[in-house]
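Everything below belongs to entry-v3.pdb, which stores PDB, C-alpha atoms.
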ATOM      1  CA  MET A 745      80.009  17.464  87.440
ATOM      2  CA  ASN A 746      81.433  20.883  86.666
ATOM      3  CA  HIS A 747      80.280  23.567  89.087
ATOM      4  CA  THR A 748      81.000  26.284  86.514
ATOM      5  CA  PRO A 749      78.896  25.656  83.391
ATOM      6  CA  LEU A 750      80.730  25.088  80.148
ATOM      7  CA  ASN A 751      79.943  27.595  77.413
ATOM      8  CA  VAL A 752      78.018  26.440  74.340
ATOM      9  CA  ALA A 753      77.709  28.267  71.017
ATOM     10  CA  LEU A 754      75.775  27.401  67.868
ATOM     11  CA  ALA A 755      77.090  27.479  64.290
ATOM     12  CA  MET A 756      75.001  26.611  61.218
ATOM     13  CA  GLY A 757      73.432  28.049  58.113
ATOM     14  CA  PRO A 758      70.588  30.584  57.951
ATOM     15  CA  GLY A 759      67.263  29.235  59.142
ATOM     16  CA  VAL A 760      68.661  25.896  60.297
ATOM     17  CA  ALA A 761      68.547  26.407  64.070
ATOM     18  CA  PRO A 762      64.781  27.073  64.349
ATOM     19  CA  ARG A 763      64.072  23.924  62.334
ATOM     20  CA  ILE A 764      66.151  21.643  64.555
ATOM     21  CA  PHE A 765      66.206  23.348  67.952
ATOM     22  CA  PRO A 766      62.945  24.722  69.329
ATOM     23  CA  PRO A 767      63.532  26.942  72.383
ATOM     24  CA  ARG A 768      62.382  24.223  74.785
ATOM     25  CA  ARG A 769      65.149  21.947  73.504
ATOM     26  CA  LEU A 770      67.864  24.563  73.942
ATOM     27  CA  ALA A 771      66.505  25.261  77.434
ATOM     28  CA  GLN A 772      67.474  21.695  78.371
ATOM     29  CA  LEU A 773      71.139  22.704  78.285
ATOM     30  CA  ALA A 774      70.715  24.718  81.489
ATOM     31  CA  PRO A 775      71.855  24.782  84.222
ATOM     32  CA  GLU A 776      74.748  22.452  83.413
ATOM     33  CA  LEU A 777      75.686  24.323  80.234
ATOM     34  CA  LEU A 778      75.487  28.006  79.360
ATOM     35  CA  LEU A 779      74.205  28.832  75.887
ATOM     36  CA  LEU A 780      76.067  31.998  74.946
ATOM     37  CA  ASP A 781      73.635  33.134  72.249
ATOM     38  CA  GLN A 782      70.338  31.788  70.937
ATOM     39  CA  GLU A 783      71.326  32.998  67.463
ATOM     40  CA  PRO A 784      73.843  30.734  65.716
ATOM     41  CA  MET A 785      77.010  31.941  64.082
ATOM     42  CA  GLU A 786      76.596  31.827  60.305
ATOM     43  CA  GLU A 787      80.210  32.926  59.768
ATOM     44  CA  PHE A 788      83.368  33.054  61.858
ATOM     45  CA  VAL A 789      84.883  36.360  60.777
ATOM     46  CA  SER A 790      82.798  39.111  62.414
ATOM     47  CA  LYS A 791      83.759  40.641  65.767
ATOM     48  CA  LYS A 792      80.654  39.124  67.366
ATOM     49  CA  SER A 793      81.603  35.647  66.151
ATOM     50  CA  ARG A 794      85.214  36.058  67.234
ATOM     51  CA  ASP A 795      84.104  37.201  70.682
ATOM     52  CA  LEU A 796      81.869  34.138  70.997
ATOM     53  CA  LEU A 797      84.555  31.774  69.772
ATOM     54  CA  ALA A 798      86.989  33.131  72.337
ATOM     55  CA  ILE A 799      84.897  31.759  75.208
ATOM     56  CA  THR A 800      83.280  28.682  73.608
ATOM     57  CA  ASP A 801      83.920  25.237  75.114
ATOM     58  CA  ILE A 802      81.387  23.260  73.064
ATOM     59  CA  LEU A 803      80.298  24.135  69.528
ATOM     60  CA  ILE A 804      76.980  22.725  68.332
ATOM     61  CA  THR A 805      76.939  22.702  64.549
ATOM     62  CA  GLY A 806      74.223  22.114  61.962
ATOM     63  CA  TRP A 807      73.718  22.027  58.217
ATOM     64  CA  SER A 808      75.727  24.604  56.235
ATOM     65  CA  CYS A 809      78.046  25.323  59.150
ATOM     66  CA  PRO A 810      81.022  27.439  58.047
ATOM     67  CA  THR A 811      84.353  25.651  57.705
ATOM     68  CA  ILE A 812      86.222  25.213  60.981
ATOM     69  CA  ASP A 813      89.846  25.639  59.951
ATOM     70  CA  GLY A 814      93.048  26.553  61.751
ATOM     71  CA  ALA A 815      92.220  30.262  61.817
ATOM     72  CA  VAL A 816      88.860  29.573  63.450
ATOM     73  CA  LEU A 817      90.453  27.276  66.012
ATOM     74  CA  ALA A 818      93.074  29.906  66.801
ATOM     75  CA  ALA A 819      90.197  32.207  67.754
ATOM     76  CA  ALA A 820      88.663  29.474  69.918
ATOM     77  CA  PRO A 821      91.333  28.477  72.454
ATOM     78  CA  ARG A 822      88.858  26.797  74.821
ATOM     79  CA  LEU A 823      87.051  24.709  72.214
ATOM     80  CA  ARG A 824      87.295  20.982  72.935
ATOM     81  CA  HIS A 825      84.070  19.482  71.561
ATOM     82  CA  ILE A 826      82.120  19.877  68.302
ATOM     83  CA  ILE A 827      78.703  18.215  68.334
ATOM     84  CA  HIS A 828      77.028  18.074  64.946
ATOM     85  CA  ALA A 829      73.237  17.962  64.678
ATOM     86  CA  GLY A 830      73.389  16.194  61.342
ATOM     87  CA  GLY A 831      75.044  13.345  59.486
ATOM     88  CA  THR A 832      78.271  14.064  57.640
ATOM     89  CA  VAL A 833      80.857  16.484  59.032
ATOM     90  CA  LYS A 834      83.040  16.473  55.926
ATOM     91  CA  HIS A 835      81.837  19.887  54.831
ATOM     92  CA  HIS A 836      82.971  21.783  57.933
ATOM     93  CA  ILE A 837      85.396  19.679  59.998
ATOM     94  CA  THR A 838      88.974  20.044  58.733
ATOM     95  CA  ASP A 839      92.264  18.323  59.539
ATOM     96  CA  ALA A 840      93.007  21.176  61.912
ATOM     97  CA  CYS A 841      90.197  19.950  64.174
ATOM     98  CA  TRP A 842      91.611  16.434  64.381
ATOM     99  CA  ASP A 843      95.154  17.779  64.835
ATOM    100  CA  ARG A 844      93.946  19.895  67.749
ATOM    101  CA  GLY A 845      92.383  16.829  69.379
ATOM    102  CA  ILE A 846      88.846  18.184  69.167
ATOM    103  CA  GLN A 847      86.299  15.516  70.064
ATOM    104  CA  VAL A 848      83.619  15.332  67.357
ATOM    105  CA  SER A 849      80.173  13.790  67.643
ATOM    106  CA  THR A 850      77.486  13.461  64.980
ATOM    107  CA  ALA A 851      73.802  12.589  64.827
ATOM    108  CA  ALA A 852      74.415  10.177  61.930
ATOM    109  CA  GLU A 853      73.205   7.238  64.011
ATOM    110  CA  VAL A 854      69.826   8.796  64.724
ATOM    111  CA  ASN A 855      69.526  10.291  61.245
ATOM    112  CA  ALA A 856      69.857   6.731  59.945
ATOM    113  CA  VAL A 857      66.498   5.844  61.498
ATOM    114  CA  PRO A 858      64.144   7.725  59.130
ATOM    115  CA  VAL A 859      66.270   6.824  56.092
ATOM    116  CA  ALA A 860      66.004   3.164  57.023
ATOM    117  CA  GLU A 861      62.258   3.497  57.630
ATOM    118  CA  TYR A 862      61.789   5.116  54.205
ATOM    119  CA  THR A 863      63.871   2.378  52.599
ATOM    120  CA  VAL A 864      61.951  -0.461  54.204
ATOM    121  CA  ALA A 865      58.648   1.137  53.204
ATOM    122  CA  MET A 866      59.831   1.384  49.601
ATOM    123  CA  ILE A 867      61.122  -2.210  49.590
ATOM    124  CA  LEU A 868      57.766  -3.525  50.763
ATOM    125  CA  LEU A 869      55.840  -1.358  48.302
ATOM    126  CA  ALA A 870      58.160  -2.387  45.465
ATOM    127  CA  ASN A 871      57.724  -6.109  46.039
ATOM    128  CA  LYS A 872      53.959  -5.657  46.361
ATOM    129  CA  ARG A 873      54.040  -3.685  43.069
ATOM    130  CA  VAL A 874      52.004  -0.975  44.750
ATOM    131  CA  LEU A 875      53.314   1.948  42.711
ATOM    132  CA  GLN A 876      52.843   0.191  39.365
ATOM    133  CA  LEU A 877      49.383  -1.093  40.223
ATOM    134  CA  ALA A 878      48.260   2.278  41.544
ATOM    135  CA  ARG A 879      49.379   3.865  38.283
ATOM    136  CA  THR A 880      47.475   1.189  36.339
ATOM    137  CA  LEU A 881      44.330   1.877  38.361
ATOM    138  CA  HIS A 882      44.625   5.620  37.824
ATOM    139  CA  THR A 883      45.034   5.047  34.094
ATOM    140  CA  GLU A 884      42.437   2.315  33.537
ATOM    141  CA  LYS A 885      39.826   3.655  35.987
ATOM    142  CA  ASN A 886      38.380   0.157  36.039
ATOM    143  CA  THR A 887      38.790  -3.225  37.667
ATOM    144  CA  VAL A 888      42.414  -4.269  38.112
ATOM    145  CA  GLU A 889      43.363  -7.828  39.046
ATOM    146  CA  PRO A 890      46.743  -7.221  40.714
ATOM    147  CA  ASP A 891      48.254 -10.701  40.488
ATOM    148  CA  LEU A 892      47.138 -11.114  36.907
ATOM    149  CA  VAL A 893      49.095  -7.972  36.031
ATOM    150  CA  PHE A 894      52.032  -8.954  38.275
ATOM    151  CA  PRO A 895      51.998 -12.699  39.056
ATOM    152  CA  ASP A 896      55.272 -12.280  40.973
ATOM    153  CA  MET A 897      53.911  -9.620  43.339
ATOM    154  CA  GLY A 898      54.375 -10.039  47.068
ATOM    155  CA  ASN A 899      57.100  -9.922  49.694
ATOM    156  CA  TYR A 900      57.165 -13.559  50.760
ATOM    157  CA  GLY A 901      60.480 -15.160  49.851
ATOM    158  CA  LYS A 902      61.811 -12.209  47.840
ATOM    159  CA  ARG A 903      65.525 -11.433  47.864
ATOM    160  CA  VAL A 904      66.563  -7.949  48.952
ATOM    161  CA  GLY A 905      70.117  -6.813  48.269
ATOM    162  CA  ILE A 906      71.698  -4.190  50.518
ATOM    163  CA  ILE A 907      74.779  -2.476  49.094
ATOM    164  CA  GLY A 908      76.796  -1.121  52.008
ATOM    165  CA  ALA A 909      76.667  -2.241  55.639
ATOM    166  CA  SER A 910      76.681   1.376  56.775
ATOM    167  CA  LYS A 911      74.754   2.726  59.770
ATOM    168  CA  ILE A 912      71.723   3.061  57.530
ATOM    169  CA  GLY A 913      72.301  -0.267  55.791
ATOM    170  CA  ARG A 914      72.535  -2.076  59.130
ATOM    171  CA  HIS A 915      69.386  -0.418  60.412
ATOM    172  CA  VAL A 916      67.550  -1.455  57.247
ATOM    173  CA  ILE A 917      68.699  -5.015  57.890
ATOM    174  CA  ARG A 918      67.418  -4.904  61.470
ATOM    175  CA  LEU A 919      64.027  -3.600  60.357
ATOM    176  CA  LEU A 920      63.726  -6.229  57.627
ATOM    177  CA  ALA A 921      64.350  -9.075  60.081
ATOM    178  CA  SER A 922      60.657  -9.353  60.919
ATOM    179  CA  TYR A 923      59.672 -10.042  57.308
ATOM    180  CA  ASP A 924      59.843 -13.291  55.326
ATOM    181  CA  LEU A 925      62.522 -11.955  53.031
ATOM    182  CA  GLU A 926      65.971 -13.190  52.066
ATOM    183  CA  VAL A 927      68.435 -10.377  52.734
ATOM    184  CA  VAL A 928      71.903 -10.350  51.214
ATOM    185  CA  VAL A 929      74.618  -7.729  51.634
ATOM    186  CA  SER A 930      77.615  -6.624  49.634
ATOM    187  CA  ASP A 931      80.286  -4.639  51.442
ATOM    188  CA  PRO A 932      84.060  -5.050  50.999
ATOM    189  CA  TYR A 933      84.595  -4.445  54.729
ATOM    190  CA  LEU A 934      82.002  -6.988  55.906
ATOM    191  CA  ASP A 935      83.261 -10.526  56.384
ATOM    192  CA  ASP A 936      81.120 -13.644  56.605
ATOM    193  CA  ALA A 937      81.186 -13.691  60.411
ATOM    194  CA  ALA A 938      80.021 -10.075  60.667
ATOM    195  CA  ALA A 939      77.305 -10.760  58.096
ATOM    196  CA  ALA A 940      76.145 -13.795  60.046
ATOM    197  CA  ALA A 941      75.981 -11.674  63.202
ATOM    198  CA  LEU A 942      73.633  -9.353  61.309
ATOM    199  CA  GLY A 943      71.548 -12.343  60.221
ATOM    200  CA  VAL A 944      72.309 -11.919  56.525
ATOM    201  CA  VAL A 945      74.473 -13.487  53.844
ATOM    202  CA  SER A 946      77.480 -11.674  52.365
ATOM    203  CA  VAL A 947      77.702 -11.914  48.572
ATOM    204  CA  THR A 948      79.640 -10.241  45.804
ATOM    205  CA  LEU A 949      78.227  -7.102  44.246
ATOM    206  CA  ASP A 950      77.825  -8.937  40.930
ATOM    207  CA  GLU A 951      75.773 -11.687  42.557
ATOM    208  CA  LEU A 952      73.692  -9.214  44.522
ATOM    209  CA  VAL A 953      72.571  -7.173  41.515
ATOM    210  CA  ALA A 954      71.957 -10.242  39.367
ATOM    211  CA  THR A 955      69.793 -12.106  41.884
ATOM    212  CA  SER A 956      67.970  -9.507  44.027
ATOM    213  CA  ASP A 957      64.369  -8.473  43.489
ATOM    214  CA  VAL A 958      65.091  -5.148  45.181
ATOM    215  CA  VAL A 959      68.528  -3.517  45.349
ATOM    216  CA  SER A 960      69.000  -0.730  47.887
ATOM    217  CA  LEU A 961      72.118   1.444  47.896
ATOM    218  CA  HIS A 962      73.599   2.529  51.244
ATOM    219  CA  ALA A 963      77.313   3.006  50.498
ATOM    220  CA  PRO A 964      79.037   6.256  51.521
ATOM    221  CA  SER A 965      80.028   8.905  49.009
ATOM    222  CA  LEU A 966      83.797   8.564  48.665
ATOM    223  CA  ALA A 967      86.257   8.917  45.813
ATOM    224  CA  SER A 968      86.376   5.116  45.690
ATOM    225  CA  THR A 969      82.578   4.749  45.437
ATOM    226  CA  GLU A 970      81.929   7.286  42.678
ATOM    227  CA  ASN A 971      80.074   5.511  39.862
ATOM    228  CA  LEU A 972      80.035   2.364  41.996
ATOM    229  CA  ILE A 973      76.812   1.284  40.301
ATOM    230  CA  ASN A 974      78.188   1.406  36.784
ATOM    231  CA  ALA A 975      76.689   0.491  33.427
ATOM    232  CA  GLY A 976      77.858  -3.113  33.709
ATOM    233  CA  LEU A 977      76.144  -3.671  37.047
ATOM    234  CA  ILE A 978      73.009  -1.861  35.906
ATOM    235  CA  GLY A 979      72.857  -4.146  32.880
ATOM    236  CA  ARG A 980      72.994  -7.198  35.163
ATOM    237  CA  LEU A 981      70.056  -6.148  37.362
ATOM    238  CA  LYS A 982      67.211  -8.665  37.200
ATOM    239  CA  ASP A 983      64.349  -7.951  34.838
ATOM    240  CA  GLY A 984      61.542  -6.484  36.910
ATOM    241  CA  ALA A 985      63.828  -5.535  39.799
ATOM    242  CA  THR A 986      63.572  -2.254  41.695
ATOM    243  CA  PHE A 987      66.632  -0.118  42.398
ATOM    244  CA  ILE A 988      66.442   2.208  45.419
ATOM    245  CA  ASN A 989      68.920   5.016  46.084
ATOM    246  CA  THR A 990      68.880   6.988  49.332
ATOM    247  CA  SER A 991      72.664   7.418  49.360
ATOM    248  CA  ARG A 992      74.080   9.875  46.813
ATOM    249  CA  GLY A 993      73.478  10.322  43.107
ATOM    250  CA  GLU A 994      77.151  10.313  42.201
ATOM    251  CA  LEU A 995      77.423   6.644  43.178
ATOM    252  CA  VAL A 996      75.304   5.711  40.145
ATOM    253  CA  ASP A 997      75.820   5.982  36.391
ATOM    254  CA  GLN A 998      72.541   7.829  35.885
ATOM    255  CA  GLU A 999      72.627   7.694  32.087
ATOM    256  CA  ALA A1000      73.001   3.926  32.188
ATOM    257  CA  LEU A1001      70.266   3.676  34.813
ATOM    258  CA  LEU A1002      67.867   5.742  32.714
ATOM    259  CA  GLY A1003      68.705   3.733  29.620
ATOM    260  CA  ARG A1004      67.889   0.482  31.402
ATOM    261  CA  ILE A1005      64.661   1.945  32.813
ATOM    262  CA  GLN A1006      63.634   3.043  29.336
ATOM    263  CA  GLN A1007      63.868  -0.562  28.195
ATOM    264  CA  GLY A1008      60.812  -1.081  30.407
ATOM    265  CA  ASN A1009      62.177  -3.880  32.584
ATOM    266  CA  LEU A1010      63.560  -1.997  35.588
ATOM    267  CA  TYR A1011      61.992   0.207  38.253
ATOM    268  CA  ALA A1012      63.689   2.858  40.374
ATOM    269  CA  VAL A1013      62.973   4.769  43.578
ATOM    270  CA  LEU A1014      65.351   7.730  43.712
ATOM    271  CA  ASP A1015      65.519  10.046  46.704
ATOM    272  CA  VAL A1016      68.874  11.414  45.544
ATOM    273  CA  THR A1017      70.243  12.319  42.131
ATOM    274  CA  THR A1018      73.122  14.159  40.479
ATOM    275  CA  PRO A1019      72.654  17.035  40.207
ATOM    276  CA  TRP A1020      70.704  17.400  43.430
ATOM    277  CA  VAL A1021      67.799  18.867  41.423
ATOM    278  CA  LEU A1022      67.462  17.349  37.979
ATOM    279  CA  PRO A1023      66.913  19.667  34.985
ATOM    280  CA  PRO A1024      63.250  20.035  33.984
ATOM    281  CA  GLU A1025      63.778  18.057  30.773
ATOM    282  CA  SER A1026      65.104  14.975  32.601
ATOM    283  CA  ALA A1027      63.229  11.803  31.621
ATOM    284  CA  PHE A1028      63.419  10.634  35.227
ATOM    285  CA  TYR A1029      60.516  12.995  35.961
ATOM    286  CA  THR A1030      58.180  11.472  33.415
ATOM    287  CA  HIS A1031      59.010   7.799  33.104
ATOM    288  CA  PRO A1032      56.284   5.631  34.679
ATOM    289  CA  ASN A1033      58.853   3.222  36.124
ATOM    290  CA  VAL A1034      60.470   5.913  38.281
ATOM    291  CA  LEU A1035      59.432   7.316  41.635
ATOM    292  CA  LEU A1036      61.362  10.489  42.431
ATOM    293  CA  THR A1037      61.206  11.974  45.929
ATOM    294  CA  PRO A1038      62.805  15.300  46.974
ATOM    295  CA  HIS A1039      65.537  14.041  49.317
ATOM    296  CA  LEU A1040      62.999  13.395  52.049
ATOM    297  CA  ALA A1041      64.309  10.108  53.461
ATOM    298  CA  GLY A1042      66.506  11.793  56.076
ATOM    299  CA  SER A1043      65.345  13.601  59.185
ATOM    300  CA  LEU A1044      62.629  16.141  58.421
ATOM    301  CA  GLY A1045      59.609  17.557  60.251
ATOM    302  CA  THR A1046      59.061  15.833  63.581
ATOM    303  CA  GLU A1047      62.108  13.635  62.986
ATOM    304  CA  LEU A1048      64.360  16.636  63.561
ATOM    305  CA  GLU A1049      63.379  16.409  67.236
ATOM    306  CA  ARG A1050      65.298  13.136  67.439
ATOM    307  CA  MET A1051      68.455  14.839  66.170
ATOM    308  CA  ALA A1052      67.965  17.725  68.591
ATOM    309  CA  ALA A1053      67.523  15.366  71.533
ATOM    310  CA  ASN A1054      70.644  13.426  70.531
ATOM    311  CA  THR A1055      72.699  16.608  70.251
ATOM    312  CA  ILE A1056      71.541  18.011  73.595
ATOM    313  CA  ASP A1057      72.219  14.665  75.258
ATOM    314  CA  GLU A1058      75.763  14.593  73.880
ATOM    315  CA  ALA A1059      76.444  18.120  75.149
ATOM    316  CA  LEU A1060      75.126  17.220  78.596
ATOM    317  CA  ARG A1061      77.356  14.138  78.639
ATOM    318  CA  VAL A1062      80.344  16.433  78.205
ATOM    319  CA  ALA A1063      79.121  18.610  81.084
ATOM    320  CA  ARG A1064      78.807  15.522  83.287
ATOM    321  CA  GLY A1065      82.251  14.208  82.393
ATOM    322  CA  LYS A1066      80.908  11.241  80.433
ATOM    323  CA  PRO A1067      82.260  10.024  77.076
ATOM    324  CA  LEU A1068      80.419  10.927  73.908
ATOM    325  CA  LEU A1069      78.056   8.201  72.722
ATOM    326  CA  HIS A1070      78.470   9.010  69.038
ATOM    327  CA  ARG A1071      82.093  10.102  68.837
ATOM    328  CA  LEU A1072      83.612  10.227  65.363
ATOM    329  CA  HIS A1073      87.324   9.747  64.694
ATOM    330  CA  ALA A1074      89.367  10.985  61.756
ATOM    331  CA  LYS A1075      89.963   7.417  60.561
ATOM    332  CA  ASP A1076      86.200   6.892  60.300
ATOM    333  CA  LEU A1077      85.923   9.411  57.472
ATOM    334  CA  ALA A1078      87.454   6.943  55.017
ATOM    335  CA  PHE A1079      84.414   4.698  55.446
ATOM    336  CA  THR A1080      81.541   7.070  56.172
ATOM    337  CA  ALA A1081      79.573   9.678  54.281
TER     338      ALA A1081
END
Go ahead and render the structure in this file as structure tokens.
Amino acid sequence: MNHTPLNVALAMGPGVAPRIFPPRRLAQLAPELLLLDQEPMEEFVSKKSRDLLAITDILITGWSCPTIDGAVLAAAPRLRHIIHAGGTVKHHITDACWDRGIQVSTAAEVNAVPVAEYTVAMILLANKRVLQLARTLHTEKNTVEPDLVFPDMGNYGKRVGIIGASKIGRHVIRLLASYDLEVVVSDPYLDDAAAAALGVVSVTLDELVATSDVVSLHAPSLASTENLINAGLIGRLKDGATFINTSRGELVDQEALLGRIQQGNLYAVLDVTTPWVLPPESAFYTHPNVLLTPHLAGSLGTELERMAANTIDEALRVARGKPLLHRLHAKDLAFTA
């Protein structure tokens, strides 16, 4: 253990730090680490920020962190670790960080937990036809016989298709293991042996969309995955299927998705869209087959405590000379969000 505490600084957007790091969490850094300032840097150009960077060993970052480029690193000669209290680091970590040998850690693993929980909840509700039947009850205001309206309702024996064996996709698979569902996965980097280890079957994307009762998207947002769920695949989705997206809107041909929904034989649960906030006239808001949620699947409210705990733990591991548990490498960015 270091006898002289390493210096820690915060860098993130306005209002982010109080949401993620209550004072009692930051207090856990002491005495092994010295927090230089309770207020995070929201930019890296002021004299105060430059003075902090000059003596920072560990930088804890959060949402809307300013870009950490070569000029910033030149002002931070002691910086060796960047620990991100969030998922993706693509918005602020640059090649200069990897070239410098900075060790980067993210909270993507723990942020996957609430997204997976949301997804599983929506899968179960979709197969039970809860959202459709609730809407029917609200409209009819009378007796509703659920399985007369939806004879195929229920989760027993249904096929669930997971697109992308990402951190979130794998956690969804683990959570679904306790249910009597058939789970199939499509991922170009997942071979049959790896799928078997997860307890699922690997299938082609075409087969997955054509045969699954619920299709849930968990692929990363990359140049190669833009419009991954194209008009052809959307057209091959089973009649009566539910499509769930907690990934990114740009992975889906939204016009084709809306067109298929408007045919009346497809349902959708969308926590993400492109643009991030749809225009008021968008038919996604009003169509009865669509459930829109305001990007709430990820860590929010009490779930932010999990990200804070993960981040503090990673910083303390550095202080104790232990390896990071959630270290990210430059090569990983080609396969992650």
Grab the CA of Leu780 (chain A) to CA of Glu1047 (chain A) distance for me, in Å with one decimal place.
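Separation between CA of Leu780 (chain A) and CA of Glu1047 (chain A): 26.0 Å.
The set of residues that the PyMOL selection byres ((chain A and resi 917) around 9) takes from this file is Ala860, Val864, Ile906, Ala909, Ile912, Gly913, Arg914, His915, Val916, Arg918, Leu919, Leu920, Ala921, Val927, Leu942, Gly943 and Val944 of chain A.
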Determine, counting all atoms listed in the file, which protein, DNA and RNA residues have an atom within 12 Å of an atom of Ala865 (chain A); residues of the same chain fewer than 2 positions away are not included. Present the result as a PyMOL selection string.
chain A and resi 858-863+867-872+874-875+899+916+919-920+923+960+988+1013+1041
Just the number, please: distance in Å from CA of Asp1057 (chain A) to CA of Glu776 (chain A), one decimal.
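So the answer is 11.6 Å.
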How far is it from CA of Gly993 (chain A) to CA of Gly830 (chain A), in Å with one decimal?
19.2 Å
For the structure shown, which residues end up in the PyMOL selection byres ((chain A and resi 774) around 12)? Put them as a ChimeraX atom specification, please?
/A:748-752,767-773,775-780,1056-1057,1059-1060,1063
Could you list, as a PDB file with C-alpha atoms, in the frame of the given file, every residue matched by the PyMOL selection byres ((chain A and resi 957) around 9) in this structure?
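The result, written out as part_23.pdb:
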ATOM      1  CA  ALA A 870      58.160  -2.387  45.465  1.00  0.00           C
ATOM      2  CA  ASN A 871      57.724  -6.109  46.039  1.00  0.00           C
ATOM      3  CA  LYS A 902      61.811 -12.209  47.840  1.00  0.00           C
ATOM      4  CA  ARG A 903      65.525 -11.433  47.864  1.00  0.00           C
ATOM      5  CA  VAL A 904      66.563  -7.949  48.952  1.00  0.00           C
ATOM      6  CA  GLY A 905      70.117  -6.813  48.269  1.00  0.00           C
ATOM      7  CA  VAL A 953      72.571  -7.173  41.515  1.00  0.00           C
ATOM      8  CA  ALA A 954      71.957 -10.242  39.367  1.00  0.00           C
ATOM      9  CA  THR A 955      69.793 -12.106  41.884  1.00  0.00           C
ATOM     10  CA  SER A 956      67.970  -9.507  44.027  1.00  0.00           C
ATOM     11  CA  VAL A 958      65.091  -5.148  45.181  1.00  0.00           C
ATOM     12  CA  VAL A 959      68.528  -3.517  45.349  1.00  0.00           C
ATOM     13  CA  LEU A 981      70.056  -6.148  37.362  1.00  0.00           C
ATOM     14  CA  LYS A 982      67.211  -8.665  37.200  1.00  0.00           C
ATOM     15  CA  ASP A 983      64.349  -7.951  34.838  1.00  0.00           C
ATOM     16  CA  GLY A 984      61.542  -6.484  36.910  1.00  0.00           C
ATOM     17  CA  ALA A 985      63.828  -5.535  39.799  1.00  0.00           C
ATOM     18  CA  THR A 986      63.572  -2.254  41.695  1.00  0.00           C
ATOM     19  CA  PHE A 987      66.632  -0.118  42.398  1.00  0.00           C
TER      20      PHE A 987
END
Using only C-alpha atoms, which of the listed residues (A:Val928, A:Leu797, A:Ile827, A:Val996) sits closest to Glu951 (chain A)?
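Smallest separation from Glu951 (chain A) among the options: A:Val928.
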Sphere at (63.7, 9.0, 49.9), radius 6 Å, counting only C-alpha atoms: residues as an MDAnalysis selection string
chainID A and resid 990 1015 1037 1039:1041
Of the residues A:Gly1065, A:Gly908, A:Pro890, A:Gly1045, which is the one nearest to Leu995 (chain A), using only C-alpha atoms?
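Smallest separation from Leu995 (chain A) among the options: A:Gly908.
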Selected residue, from A:Arg794, A:Ala938, A:Gly901, A:Thr948, that lies nearest to Asp924 (chain A) when counting only C-alpha atoms:
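Residue with the minimum atom-to-atom distance to Asp924 (chain A): A:Gly901.
Nearest residue to Ser1043 (chain A) among A:Gly831, A:Pro1067, A:Pro784, A:Gly898 is A:Gly831, counting all atoms listed in the file.
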Shortest contact to Pro1032 (chain A), candidates A:Ala878, A:Ala940, A:Ala852, A:Ala963, atoms counted only C-alpha atoms, goes to A:Ala878
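Proximity ranking of A:Thr850, A:Ser790, A:Asn886, A:Asn974 relative to Ile804 (chain A) places A:Thr850 first, based on all atoms listed in the file.
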